[in-house]
Amino acid sequence: MTKKALILTHEKFQDHEVIYPYYRLTEDNYEVEIISNKKGRIFGILGTYMESTHDYLDLSVKANDWLNTYDMLVIPGGV
C-alpha cells in the first residue's frame, strides 16, 4: 500500500521549506502531492518551482475524502 502525503503551501513559498520535506518524503516512498492557491506550477521566492496538483477550493469541497486519502499533512513554515 502506498503512503500518501499532502503539502499545504502558497505561491511565493520559502523554497527550502517545501523542497526539503517534499524530497525527504519521496525518499521514504511517500506519494507526495502539493495543494496551494492555484493548480499548476507555483514559484518560490528564490525562483524554484513545484507542481501543485490541487488548489484550496478542492480541499474545502472534498474535506472528508481528503481525510481518508492522505496519511500525512505537511504545513511548512514558521520562524
# chains A, B, ... in the order shown; residues from 1 in each chain; ligands from 1
$ select_by_dssp --residues "chain A" --states "alpha helix (DSSP H)" --output "PyMOL selection string"
chain A and resi 15-27+56-61+63-69
$ residues_around --residues "Asn37 of chain A" --least-positions-apart "4" --cutoff "7 Å" --atoms "only C-alpha atoms" --output "list in words"
His10, Glu11, Asp55 and Tyr56 of chain A
$ atom_distance --atom1 "atom CA of Thr2 of chain A" --atom2 "atom CA of Asp15 of chain A"
26.2 Å
$ closest_residue --among "A:Asp58, A:Lys38, A:Leu46, A:Leu67" --to "Glu17 of chain A" --atoms "only C-alpha atoms"
A:Leu46
$ residues_around --residues "Phe13 of chain A" --least-positions-apart "5" --cutoff "10 Å" --atoms "only C-alpha atoms" --output "PyMOL selection string"
chain A and resi 18-19+36+42-50+76-77
$ residues_around --residues "segment 20-34 of chain A" --least-positions-apart "3" --cutoff "9 Å" --atoms "only C-alpha atoms" --output "ChimeraX atom specification"
/A:2-9,15-17,39,50-55,74,76
$ write_last_selection --atoms "N, CA and C atoms" --output "PDB file, in the first residue's frame"
ATOM      1  N   THR A   2       0.579   2.163  -0.877  1.00  0.00           N
ATOM      2  CA  THR A   2       1.361   3.383  -0.994  1.00  0.00           C
ATOM      3  C   THR A   2       0.964   4.384   0.079  1.00  0.00           C
ATOM      4  N   LYS A   3       1.970   4.955   0.705  1.00  0.00           N
ATOM      5  CA  LYS A   3       1.721   6.023   1.674  1.00  0.00           C
ATOM      6  C   LYS A   3       1.601   7.333   0.904  1.00  0.00           C
ATOM      7  N   LYS A   4       0.675   8.189   1.331  1.00  0.00           N
ATOM      8  CA  LYS A   4       0.460   9.457   0.637  1.00  0.00           C
ATOM      9  C   LYS A   4       0.594  10.624   1.604  1.00  0.00           C
ATOM     10  N   ALA A   5       1.233  11.682   1.118  1.00  0.00           N
ATOM     11  CA  ALA A   5       1.397  12.903   1.910  1.00  0.00           C
ATOM     12  C   ALA A   5       0.928  14.093   1.084  1.00  0.00           C
ATOM     13  N   LEU A   6       0.443  15.093   1.783  1.00  0.00           N
ATOM     14  CA  LEU A   6      -0.032  16.321   1.153  1.00  0.00           C
ATOM     15  C   LEU A   6       0.710  17.491   1.784  1.00  0.00           C
ATOM     16  N   ILE A   7       1.315  18.345   0.951  1.00  0.00           N
ATOM     17  CA  ILE A   7       1.998  19.540   1.439  1.00  0.00           C
ATOM     18  C   ILE A   7       1.114  20.740   1.120  1.00  0.00           C
ATOM     19  N   LEU A   8       0.812  21.503   2.145  1.00  0.00           N
ATOM     20  CA  LEU A   8      -0.015  22.702   2.017  1.00  0.00           C
ATOM     21  C   LEU A   8       0.903  23.917   1.937  1.00  0.00           C
ATOM     22  N   THR A   9       0.835  24.660   0.834  1.00  0.00           N
ATOM     23  CA  THR A   9       1.711  25.820   0.665  1.00  0.00           C
ATOM     24  C   THR A   9       0.994  26.894  -0.132  1.00  0.00           C
ATOM     25  N   ASP A  15      11.399  28.562  -0.443  1.00  0.00           N
ATOM     26  CA  ASP A  15      11.786  27.415  -1.255  1.00  0.00           C
ATOM     27  C   ASP A  15      12.200  26.189  -0.444  1.00  0.00           C
ATOM     28  N   HIS A  16      13.149  26.336   0.451  1.00  0.00           N
ATOM     29  CA  HIS A  16      13.666  25.171   1.171  1.00  0.00           C
ATOM     30  C   HIS A  16      12.633  24.556   2.111  1.00  0.00           C
ATOM     31  N   GLU A  17      11.641  25.333   2.560  1.00  0.00           N
ATOM     32  CA  GLU A  17      10.638  24.802   3.473  1.00  0.00           C
ATOM     33  C   GLU A  17       9.659  23.855   2.785  1.00  0.00           C
ATOM     34  N   LYS A  39      -3.651  25.628  -9.093  1.00  0.00           N
ATOM     35  CA  LYS A  39      -3.112  24.397  -9.671  1.00  0.00           C
ATOM     36  C   LYS A  39      -2.023  24.744 -10.671  1.00  0.00           C
ATOM     37  N   MET A  50       7.475  24.222  -7.985  1.00  0.00           N
ATOM     38  CA  MET A  50       6.890  22.913  -7.707  1.00  0.00           C
ATOM     39  C   MET A  50       5.568  22.851  -8.467  1.00  0.00           C
ATOM     40  N   GLU A  51       5.069  21.650  -8.683  1.00  0.00           N
ATOM     41  CA  GLU A  51       3.784  21.482  -9.345  1.00  0.00           C
ATOM     42  C   GLU A  51       2.707  21.245  -8.303  1.00  0.00           C
ATOM     43  N   SER A  52       1.727  22.120  -8.280  1.00  0.00           N
ATOM     44  CA  SER A  52       0.600  21.980  -7.369  1.00  0.00           C
ATOM     45  C   SER A  52      -0.494  21.173  -8.067  1.00  0.00           C
ATOM     46  N   THR A  53      -0.885  20.075  -7.458  1.00  0.00           N
ATOM     47  CA  THR A  53      -1.893  19.212  -8.074  1.00  0.00           C
ATOM     48  C   THR A  53      -3.305  19.571  -7.663  1.00  0.00           C
ATOM     49  N   HIS A  54      -3.430  20.400  -6.629  1.00  0.00           N
ATOM     50  CA  HIS A  54      -4.746  20.790  -6.121  1.00  0.00           C
ATOM     51  C   HIS A  54      -4.720  22.258  -5.725  1.00  0.00           C
ATOM     52  N   ASP A  55      -5.895  22.892  -5.719  1.00  0.00           N
ATOM     53  CA  ASP A  55      -5.996  24.240  -5.154  1.00  0.00           C
ATOM     54  C   ASP A  55      -6.871  24.187  -3.909  1.00  0.00           C
ATOM     55  N   VAL A  74       1.601  18.040   5.628  1.00  0.00           N
ATOM     56  CA  VAL A  74       2.772  18.838   5.975  1.00  0.00           C
ATOM     57  C   VAL A  74       2.405  20.308   5.760  1.00  0.00           C
ATOM     58  N   PRO A  76       4.441  23.551   5.955  1.00  0.00           N
ATOM     59  CA  PRO A  76       5.767  24.111   6.147  1.00  0.00           C
ATOM     60  C   PRO A  76       5.703  25.561   6.601  1.00  0.00           C
TER      61      PRO A  76
END
$ select_by_dssp --residues "chain A" --states "strand (DSSP E)" --output "PyMOL selection string"
chain A and resi 3-8+30-36+40-43+49-52+54-55+72-74
